[in-house]
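Participant: First the structure, then my questions, so here it is.
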Amino acid sequence: MIIKKVNSSESSKKENNWVFEFLTNAVIVFLIPSIIIYGVFFLFPIPMSFSLSFFEWNGVGQLDFTGFSNWINLFTDATFWNSLLNNVILVVGSFAVVPLGIGLALMINSNIRGSKIFKLFYFTPYMFSAVAIGLIWSYILQPQLGVINSLLKTIGAGQLARPWLAEPNLAIFVMVAIIVWRFVPFYMIIYLAALKDIPERLYEAARIDGANAWQGFRYITLPSLKPTIKMTGILIITGSLRYFALVWVMTQGGPHNSTDLMATYMYKQTFNSFKMGYGSTIATAMFVISALSIFAYYYLTMRKGRGIF
Amino acid sequence: MKKRVLKILFYIIGFIWLLITIYPLLFAIQTSLKGSTEFFSKLPWSMPSSLKIQNYVSVLTSEFPRYFLNSTIAALVSVCLIMLVASLTGFALAKRDFKFKKSFFFILLGGLYIPVHITLIPNFILVKNIGLYDTIWALIGPYVAFNLPVSIVIVTRFMEDIPDALIDSAKIDGCSWLGIYFRVAIPLSKSALITLAIYNSVMVWNEFVYALVLLSSSKSRTLPLGLWLFQGEYSLNVPVIMAATVLTVLPLLIIYAIFGERMISGLTAGAIKK
């Protein structure tokens with residue numbers, strides 16, 4: 001209809017028609033906005049960061065080409081390795097969201113009275129900003145006035161009170177626990193959706209065959225959840241390898257880099273120490289490590305018949 | 001008998017997790033109503049001796065409303081752009097054939113897993129060079145770009161279900177592809193667009209790292225950044241910081257109280273296959 005109107009009112013020139021035809025029908029017209037935005041802000045920066053990793057630059061002055069020296073520094077930088085180790089701890093620890101998420105999803109899915117309300121409340125931590133959550137938790141964990149330590153002292157277990165975020169060997173585990181707390185709701189909803197997809201008749205058939213609740217879970221629920229668990233695995237791994245916000249808000253990687261993740265260390269090197277080149281090197285390393293982990297994960301889980309599940 | 005045991009077990013676990021989930025927010029609200037000396041002298045779970053609404057007043061008379069406005073503008077602009085750009089591309093991916101369609105989708109999906117940190121420095125340089133550094137407009141590009149992959153996945157999945165017959169008949173009526181997009185695809189995809197609006201509003205409202213890198217002065221701060229720096233300034237007055245924290249989560253809580261389920265499904269839509 002549009003074309004007809006334009007044809008009659010505008011002009012009968014063939015070139016004009018061609019332009020109009022192109023603008024209203026070509027596939028590229030639909031794709032070009034995302035190509036530009038995604039390309040400029042997301043894709044192009046990847047090779048650019050990689051190139052910057054061969055330079056030394058403080059952000060304002062001249063770029064100095066330094067070859068592989070940033071990369072050599074990275075490989076001998078104990079703080080970087082420690083932050084990578086922390087990322088690995090976070091990856092492993094984050095897998096706690098799988099049993100926790102499935103457990104809560106099972107509870108909600110059992111449709112006990114009030115399960116809908118439980119679900120609504122359970123979801124809230126995922127909705128709030130990391131800054132808000134991080135601030136609240138820092139005061140709950142505060143050594144002198146915090147809730148946890150005050151509670152421990154009140155019940156006479158004062159010897160267990162700790163400066164939770166200031167003890168280098170402990171702080172990273174506390175951070176992992178809080179990150180898990182924040183993301184459990186997200187995984188809970190994913191598992192809940194998967195549980196709802198399991199046909200009820202499977203359980204009925206099992207019951208007729210005399211299966212108990214545990215057997216139903218072991219032989220019906222768990223196998224049915226397998227694809228979902230595999231899928232969430234990739235989210236857990238990639239999410240943990242790039243995690244930043246809560247750690248930055250609560251400890252900024254401290255004390256003495258003991259809670260630094262690759263992302264917080266990269267931020268500090270780049271924007272606090274103004275080492276743009278070295279920051280780019282860490283960022284590129286993060287990219288490579290994430291990509292390798294995804295391939296390794298796919299290889300381990302998706303190989304025909306030999307998956308780890 | 002067994003069923004009852006299971007039920008009781010569920011309730012016990014349910015209430016314990018409920019406490020773990022909501023306690024931090026209750027703590028924030030409770031603390032936000034205390035006086036600052038009261039906070040230091042009494043146990044953290046003691047009730048406020050009198051409700052210090054004054055804490056909220058001091059937050060609202062600081063720079064905070066400005067951060068609020070900035071966050072709202074950033075969210076509105078980015079979300080509208082994301083909805084337009086994602087639905088255009090999603091429509092093409094769902095209903096049209098073109099060369100490199102698979103590789104296009106593949107590259108887009110890669111965006112779900114790429115650590116944003118590799119884009120921080122180049123975007124920082126770009127924003128500085130085009131003179132947008134320290135303005136909220138600097139955030140729009142990255143915000144749109146980073147939320148595009150999920151948004152396109154959501155909208156493509158939805159638009160694939162639009163019956164081809166509808167599109168064919170529109171074509172026979174002489175409708176162009178752009179016409180079909182506006183008159184057929186968009187009206188039929190309202191629910192997907194609402195999902196995009198919910199998901200992206202929350203993501204942008206809470207975004208922190210890009211705000212941290214691209215903004216500095218107090219006139220341009222978004223809420224998460226403002227709150228974080230606010231904490232630095234008021235480090236001794238914990239109740240005021242908690243009042244500010246409660247105020248930043250309040251809009252989300254209000255929307256959540258109204259839309260509940262819809263918001264949950266919106267925020268998890270990208271990860272759940274239908």
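Residue names in the structure tokens use chain letters A, B, ... in the order shown, residue numbers from 1 in each chain, and ligand numbers from 1 in the order shown.
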I'd like the neighbourhood of Leu25 of chain B as an NGL selection string, where a residue qualifies if any of its atoms comes within 10 Å (using only C-alpha atoms), though same-chain residues fewer than 6 positions away should be ignored.

Facilitator: (:A and (124-125 or 132-133 or 136-137)) or (:B and (31 or 242 or 245-246 or 249))

Participant: Quick one: write out the picked residues with N, CA and C atoms as a short mmCIF file (atom, residue, chain, number, x, y, z; two decimals), in the first residue's frame?

Facilitator:
data_model
loop_
_atom_site.label_atom_id
_atom_site.label_comp_id
_atom_site.auth_asym_id
_atom_site.auth_seq_id
_atom_site.Cartn_x
_atom_site.Cartn_y
_atom_site.Cartn_z
N THR A 124 14.25 -11.74 44.64
CA THR A 124 14.69 -10.35 44.81
C THR A 124 16.21 -10.10 44.73
N PRO A 125 17.09 -10.95 45.30
CA PRO A 125 18.51 -10.60 45.24
C PRO A 125 19.03 -10.41 43.82
N ALA A 132 24.09 -1.85 45.56
CA ALA A 132 23.19 -1.87 46.72
C ALA A 132 23.45 -3.11 47.57
N ILE A 133 23.51 -4.27 46.91
CA ILE A 133 23.72 -5.52 47.63
C ILE A 133 25.07 -5.54 48.32
N ILE A 136 25.12 -3.32 51.48
CA ILE A 136 24.38 -3.93 52.59
C ILE A 136 25.20 -5.05 53.23
N TRP A 137 25.73 -5.94 52.37
CA TRP A 137 26.51 -7.06 52.91
C TRP A 137 27.77 -6.59 53.62
N THR B 31 18.18 -0.26 59.47
CA THR B 31 19.31 0.63 59.77
C THR B 31 19.07 2.03 59.24
N MET B 242 22.46 3.62 54.15
CA MET B 242 21.42 2.60 53.98
C MET B 242 20.12 3.23 53.44
N THR B 245 20.65 3.51 49.86
CA THR B 245 20.55 2.19 49.24
C THR B 245 19.08 1.78 49.06
N VAL B 246 18.31 1.98 50.13
CA VAL B 246 16.89 1.61 50.05
C VAL B 246 16.21 2.41 48.93
N VAL B 249 16.81 0.90 45.46
CA VAL B 249 16.12 -0.34 45.10
C VAL B 249 14.60 -0.16 45.12
#

Participant: Going by DSSP on the backbone, which residues of segment 182-297 of chain A come out as alpha helix (DSSP H)? List them as a PDB file with C-alpha atoms, in the first residue's frame.

Facilitator:
ATOM      1  CA  ARG A 182      22.928 -13.256  44.472  1.00  0.00           C
ATOM      2  CA  PHE A 183      22.715 -15.620  41.494  1.00  0.00           C
ATOM      3  CA  VAL A 184      20.856 -18.596  42.979  1.00  0.00           C
ATOM      4  CA  PRO A 185      17.446 -17.010  42.179  1.00  0.00           C
ATOM      5  CA  PHE A 186      18.290 -16.754  38.491  1.00  0.00           C
ATOM      6  CA  TYR A 187      19.224 -20.422  38.232  1.00  0.00           C
ATOM      7  CA  MET A 188      16.297 -21.405  40.414  1.00  0.00           C
ATOM      8  CA  ILE A 189      13.896 -19.931  37.854  1.00  0.00           C
ATOM      9  CA  ILE A 190      15.671 -21.671  34.970  1.00  0.00           C
ATOM     10  CA  TYR A 191      15.474 -25.054  36.715  1.00  0.00           C
ATOM     11  CA  LEU A 192      11.894 -24.385  37.696  1.00  0.00           C
ATOM     12  CA  ALA A 193      10.982 -23.835  34.039  1.00  0.00           C
ATOM     13  CA  ALA A 194      12.728 -27.093  33.154  1.00  0.00           C
ATOM     14  CA  LEU A 195      10.908 -28.960  35.953  1.00  0.00           C
ATOM     15  CA  LYS A 196       7.573 -27.705  34.668  1.00  0.00           C
ATOM     16  CA  GLU A 200       3.519 -35.634  34.793  1.00  0.00           C
ATOM     17  CA  ARG A 201       2.748 -38.998  33.198  1.00  0.00           C
ATOM     18  CA  LEU A 202       6.384 -40.049  33.623  1.00  0.00           C
ATOM     19  CA  TYR A 203       6.002 -39.796  37.394  1.00  0.00           C
ATOM     20  CA  GLU A 204       2.647 -41.550  37.267  1.00  0.00           C
ATOM     21  CA  ALA A 205       4.152 -44.433  35.344  1.00  0.00           C
ATOM     22  CA  ALA A 206       7.001 -44.624  37.836  1.00  0.00           C
ATOM     23  CA  ARG A 207       4.588 -44.647  40.752  1.00  0.00           C
ATOM     24  CA  ILE A 208       2.636 -47.504  39.208  1.00  0.00           C
ATOM     25  CA  ALA A 213      10.118 -40.162  45.661  1.00  0.00           C
ATOM     26  CA  TRP A 214      13.897 -40.498  45.638  1.00  0.00           C
ATOM     27  CA  GLN A 215      13.837 -42.906  42.710  1.00  0.00           C
ATOM     28  CA  GLY A 216      11.515 -40.536  40.865  1.00  0.00           C
ATOM     29  CA  LEU A 222      17.632 -35.517  37.169  1.00  0.00           C
ATOM     30  CA  PRO A 223      17.959 -37.017  33.663  1.00  0.00           C
ATOM     31  CA  SER A 224      15.299 -34.611  32.401  1.00  0.00           C
ATOM     32  CA  LEU A 225      17.217 -31.679  33.864  1.00  0.00           C
ATOM     33  CA  LYS A 226      20.486 -32.755  32.279  1.00  0.00           C
ATOM     34  CA  PRO A 227      20.347 -30.524  29.187  1.00  0.00           C
ATOM     35  CA  THR A 228      19.399 -27.540  31.353  1.00  0.00           C
ATOM     36  CA  ILE A 229      22.216 -28.248  33.798  1.00  0.00           C
ATOM     37  CA  LYS A 230      24.670 -28.426  30.907  1.00  0.00           C
ATOM     38  CA  MET A 231      23.393 -25.135  29.528  1.00  0.00           C
ATOM     39  CA  THR A 232      23.632 -23.380  32.896  1.00  0.00           C
ATOM     40  CA  GLY A 233      27.180 -24.707  33.269  1.00  0.00           C
ATOM     41  CA  ILE A 234      28.313 -22.509  30.443  1.00  0.00           C
ATOM     42  CA  LEU A 235      26.601 -19.478  32.017  1.00  0.00           C
ATOM     43  CA  ILE A 236      28.243 -20.216  35.362  1.00  0.00           C
ATOM     44  CA  ILE A 237      31.724 -20.585  33.870  1.00  0.00           C
ATOM     45  CA  THR A 238      31.647 -17.546  31.603  1.00  0.00           C
ATOM     46  CA  GLY A 239      29.867 -15.429  34.209  1.00  0.00           C
ATOM     47  CA  SER A 240      32.423 -16.301  36.888  1.00  0.00           C
ATOM     48  CA  LEU A 241      35.422 -15.686  34.642  1.00  0.00           C
ATOM     49  CA  ALA A 245      30.811  -5.818  40.401  1.00  0.00           C
ATOM     50  CA  LEU A 246      30.260  -7.254  43.897  1.00  0.00           C
ATOM     51  CA  VAL A 247      33.971  -7.784  44.497  1.00  0.00           C
ATOM     52  CA  TRP A 248      34.754  -4.260  43.401  1.00  0.00           C
ATOM     53  CA  VAL A 249      32.074  -2.785  45.648  1.00  0.00           C
ATOM     54  CA  MET A 250      32.936  -4.831  48.722  1.00  0.00           C
ATOM     55  CA  MET A 262      41.052 -10.833  36.658  1.00  0.00           C
ATOM     56  CA  ALA A 263      38.426  -8.160  36.029  1.00  0.00           C
ATOM     57  CA  THR A 264      39.149  -6.113  39.157  1.00  0.00           C
ATOM     58  CA  TYR A 265      42.893  -6.411  38.617  1.00  0.00           C
ATOM     59  CA  MET A 266      42.458  -5.304  35.020  1.00  0.00           C
ATOM     60  CA  TYR A 267      40.411  -2.316  36.162  1.00  0.00           C
ATOM     61  CA  MET A 276      46.373   1.029  29.395  1.00  0.00           C
ATOM     62  CA  GLY A 277      48.658  -1.398  27.596  1.00  0.00           C
ATOM     63  CA  TYR A 278      48.951  -3.779  30.509  1.00  0.00           C
ATOM     64  CA  GLY A 279      45.226  -3.480  31.213  1.00  0.00           C
ATOM     65  CA  SER A 280      44.544  -4.467  27.612  1.00  0.00           C
ATOM     66  CA  THR A 281      46.839  -7.441  28.040  1.00  0.00           C
ATOM     67  CA  ILE A 282      44.881  -8.665  31.061  1.00  0.00           C
ATOM     68  CA  ALA A 283      41.597  -8.048  29.225  1.00  0.00           C
ATOM     69  CA  THR A 284      42.795 -10.004  26.212  1.00  0.00           C
ATOM     70  CA  ALA A 285      43.952 -12.820  28.483  1.00  0.00           C
ATOM     71  CA  MET A 286      40.461 -12.874  30.044  1.00  0.00           C
ATOM     72  CA  PHE A 287      38.967 -13.146  26.580  1.00  0.00           C
ATOM     73  CA  VAL A 288      41.255 -15.994  25.591  1.00  0.00           C
ATOM     74  CA  ILE A 289      40.726 -17.851  28.879  1.00  0.00           C
ATOM     75  CA  SER A 290      36.931 -17.510  28.538  1.00  0.00           C
ATOM     76  CA  ALA A 291      37.005 -18.751  24.948  1.00  0.00           C
ATOM     77  CA  LEU A 292      39.219 -21.727  25.820  1.00  0.00           C
ATOM     78  CA  SER A 293      36.990 -22.611  28.763  1.00  0.00           C
ATOM     79  CA  ILE A 294      33.908 -22.590  26.551  1.00  0.00           C
ATOM     80  CA  PHE A 295      35.575 -24.911  24.038  1.00  0.00           C
ATOM     81  CA  ALA A 296      36.848 -27.199  26.793  1.00  0.00           C
ATOM     82  CA  TYR A 297      33.409 -27.294  28.385  1.00  0.00           C
TER      83      TYR A 297
END

Participant: What is the atom CA of Val60 of chain A-atom CA of Phe80 of chain A distance in Å, reported with one decimal?

Facilitator: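 Distance between the two atoms: 24.9 Å.
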
Participant: If you measure from atom CA of Val153 of chain B to atom CA of Val77 of chain B, what distance in Å do you get, rounded to one decimal?

Facilitator: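 Interatomic distance, atom CA of Val153 of chain B to atom CA of Val77 of chain B: 20.6 Å.
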
Participant: Could you check which of A:Gly158, A:Ile112, A:Leu300, A:Arg218 is closest to Arg4 of chain B, using only C-alpha atoms?

Facilitator: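 Between A:Gly158, A:Ile112, A:Leu300, A:Arg218, the residue approaching Arg4 of chain B most closely is A:Ile112.
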
Participant: From the set A:Leu135, A:Phe123, A:Thr221, A:Asn111, which residue has the shortest atom-to-atom contact distance to Leu229 of chain B, counting only C-alpha atoms?

Facilitator: A:Leu135

Participant: Near Leu126 of chain B, within 12 Å and counting only C-alpha atoms, which residues show up once chain neighbours fewer than 3 positions away are dropped, as a list in words?

Facilitator: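 What passes the distance filter is Val40, Phe41, Phe42, Phe44, Pro45, Met48 and Gly59 of chain A; Thr119, Leu120, Ile121, Pro122, Asn123, Asn129, Ile130, Gly131, Leu132, Tyr133, Ala138, Leu139, Gly141, Pro142 and Leu214 of chain B.
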
Participant: Return the single residue from B:Thr156, B:Ser62, B:Asn206, B:Asn237 that is closest to Tyr126 of chain A, with distances computed using only C-alpha atoms.

Facilitator: B:Asn206

Participant: Extract, using only C-alpha atoms, all DNA, RNA and protein residues at most 9 Å from Tyr56 of chain B, discarding same-chain residues fewer than 2 positions from it, and format them as a PyMOL selection string.

Facilitator: chain B and resi 32-33+52-54+58-61+240+243-244+247

Participant: Could you please write out, as a list of chain:residue names, every residue of segment 7-177 of chain A that DSSP assigns to strand (DSSP E or B)?

Facilitator: A:Phe55, A:Glu56, A:Asp64, A:Phe65

Participant: Restricting it to N, CA and C atoms, dump the selection as a PDB file, in the first residue's frame.

Facilitator:
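Saved the output as out-v3.pdb:
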ATOM      1  N   PHE A  55      51.605  -2.367  23.455  1.00  0.00           N
ATOM      2  CA  PHE A  55      52.076  -1.004  23.669  1.00  0.00           C
ATOM      3  C   PHE A  55      52.095  -0.671  25.151  1.00  0.00           C
ATOM      4  N   GLU A  56      52.850   0.368  25.449  1.00  0.00           N
ATOM      5  CA  GLU A  56      52.765   0.937  26.777  1.00  0.00           C
ATOM      6  C   GLU A  56      52.138   2.304  26.596  1.00  0.00           C
ATOM      7  N   ASP A  64      53.900   3.727  23.209  1.00  0.00           N
ATOM      8  CA  ASP A  64      55.219   3.142  22.992  1.00  0.00           C
ATOM      9  C   ASP A  64      55.075   1.676  22.660  1.00  0.00           C
ATOM     10  N   PHE A  65      55.576   1.303  21.474  1.00  0.00           N
ATOM     11  CA  PHE A  65      55.530  -0.108  21.101  1.00  0.00           C
ATOM     12  C   PHE A  65      56.546  -0.877  21.932  1.00  0.00           C
TER      13      PHE A  65
END

Participant: Do you know which residues are at most 10 Å from Leu166 of chain B counting only C-alpha atoms, after dropping those on the same chain fewer than 4 positions away, and could you put them as an MDAnalysis selection string?

Facilitator: chainID B and resid 162 170:171 180 184:185

Participant: Would you mind listing what lies within 12 Å of Phe39 of chain B as an mmCIF file with N, CA and C atoms, in the first residue's frame, with only C-alpha atoms counted and same-chain residues fewer than 5 positions away left out?

Facilitator:
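Resulting contents of out.cif:
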data_model
loop_
_atom_site.group_PDB
_atom_site.id
_atom_site.type_symbol
_atom_site.label_atom_id
_atom_site.label_comp_id
_atom_site.auth_asym_id
_atom_site.auth_seq_id
_atom_site.Cartn_x
_atom_site.Cartn_y
_atom_site.Cartn_z
ATOM 1 N N TYR A 139 28.114 -4.053 55.461
ATOM 2 C CA TYR A 139 27.787 -3.660 56.836
ATOM 3 C C TYR A 139 27.336 -4.844 57.674
ATOM 4 N N GLN A 144 33.332 -5.016 63.666
ATOM 5 C CA GLN A 144 32.935 -4.638 65.023
ATOM 6 C C GLN A 144 31.419 -4.535 65.202
ATOM 7 N N LEU A 145 30.742 -3.891 64.226
ATOM 8 C CA LEU A 145 29.330 -3.588 64.418
ATOM 9 C C LEU A 145 28.413 -4.481 63.602
ATOM 10 N N GLY A 146 29.023 -5.324 62.751
ATOM 11 C CA GLY A 146 28.222 -6.120 61.831
ATOM 12 C C GLY A 146 27.317 -7.129 62.511
ATOM 13 N N VAL A 147 26.295 -7.553 61.791
ATOM 14 C CA VAL A 147 25.300 -8.463 62.340
ATOM 15 C C VAL A 147 25.921 -9.806 62.693
ATOM 16 N N PHE B 27 17.515 -5.529 56.939
ATOM 17 C CA PHE B 27 18.587 -4.879 57.680
ATOM 18 C C PHE B 27 18.799 -3.456 57.162
ATOM 19 N N ALA B 28 18.786 -3.317 55.833
ATOM 20 C CA ALA B 28 19.001 -1.993 55.244
ATOM 21 C C ALA B 28 17.878 -1.040 55.657
ATOM 22 N N GLN B 30 15.839 -1.278 58.266
ATOM 23 C CA GLN B 30 15.899 -1.049 59.709
ATOM 24 C C GLN B 30 17.000 -0.046 60.061
ATOM 25 N N THR B 31 18.184 -0.259 59.471
ATOM 26 C CA THR B 31 19.311 0.625 59.768
ATOM 27 C C THR B 31 19.065 2.031 59.236
ATOM 28 N N SER B 32 18.363 2.118 58.100
ATOM 29 C CA SER B 32 18.162 3.431 57.490
ATOM 30 C C SER B 32 17.307 4.332 58.362
ATOM 31 N N LEU B 33 16.635 3.756 59.369
ATOM 32 C CA LEU B 33 15.753 4.568 60.212
ATOM 33 C C LEU B 33 16.382 4.894 61.566
ATOM 34 N N LYS B 34 17.654 4.522 61.721
ATOM 35 C CA LYS B 34 18.323 4.795 62.993
ATOM 36 C C LYS B 34 19.110 6.102 62.944
ATOM 37 N N PRO B 44 23.146 -4.379 66.190
ATOM 38 C CA PRO B 44 22.631 -4.097 64.841
ATOM 39 C C PRO B 44 21.169 -4.497 64.646
ATOM 40 N N TRP B 45 20.666 -5.464 65.430
ATOM 41 C CA TRP B 45 19.271 -5.855 65.206
ATOM 42 C C TRP B 45 18.300 -5.132 66.132
ATOM 43 N N SER B 46 18.819 -4.199 66.970
ATOM 44 C CA SER B 46 17.901 -3.449 67.824
ATOM 45 C C SER B 46 17.019 -2.558 66.959
ATOM 46 N N MET B 47 15.773 -2.381 67.430
ATOM 47 C CA MET B 47 14.850 -1.554 66.657
ATOM 48 C C MET B 47 15.242 -0.079 66.796
ATOM 49 N N PRO B 48 15.011 0.718 65.756
ATOM 50 C CA PRO B 48 15.323 2.150 65.859
ATOM 51 C C PRO B 48 14.541 2.776 67.005
ATOM 52 N N SER B 49 15.197 3.622 67.814
ATOM 53 C CA SER B 49 14.505 4.197 68.965
ATOM 54 C C SER B 49 13.394 5.142 68.517
ATOM 55 N N LYS B 52 14.001 7.771 62.185
ATOM 56 C CA LYS B 52 14.745 8.930 61.702
ATOM 57 C C LYS B 52 14.482 9.134 60.199
ATOM 58 N N LEU B 236 30.962 7.467 57.536
ATOM 59 C CA LEU B 236 30.702 7.318 58.964
ATOM 60 C C LEU B 236 29.223 7.288 59.304
ATOM 61 N N ASN B 237 28.407 7.796 58.382
ATOM 62 C CA ASN B 237 26.981 7.825 58.683
ATOM 63 C C ASN B 237 26.254 6.673 57.979
ATOM 64 N N VAL B 238 26.404 5.506 58.555
ATOM 65 C CA VAL B 238 25.870 4.299 57.927
ATOM 66 C C VAL B 238 24.361 4.375 57.682
ATOM 67 N N PRO B 239 23.556 4.854 58.661
ATOM 68 C CA PRO B 239 22.112 4.926 58.388
ATOM 69 C C PRO B 239 21.762 5.745 57.149
ATOM 70 N N VAL B 240 22.482 6.828 56.897
ATOM 71 C CA VAL B 240 22.188 7.619 55.695
ATOM 72 C C VAL B 240 22.543 6.823 54.443
ATOM 73 N N ILE B 241 23.660 6.094 54.480
ATOM 74 C CA ILE B 241 24.031 5.265 53.326
ATOM 75 C C ILE B 241 22.961 4.210 53.069
ATOM 76 N N MET B 242 22.458 3.619 54.149
ATOM 77 C CA MET B 242 21.415 2.603 53.981
ATOM 78 C C MET B 242 20.124 3.231 53.444
#
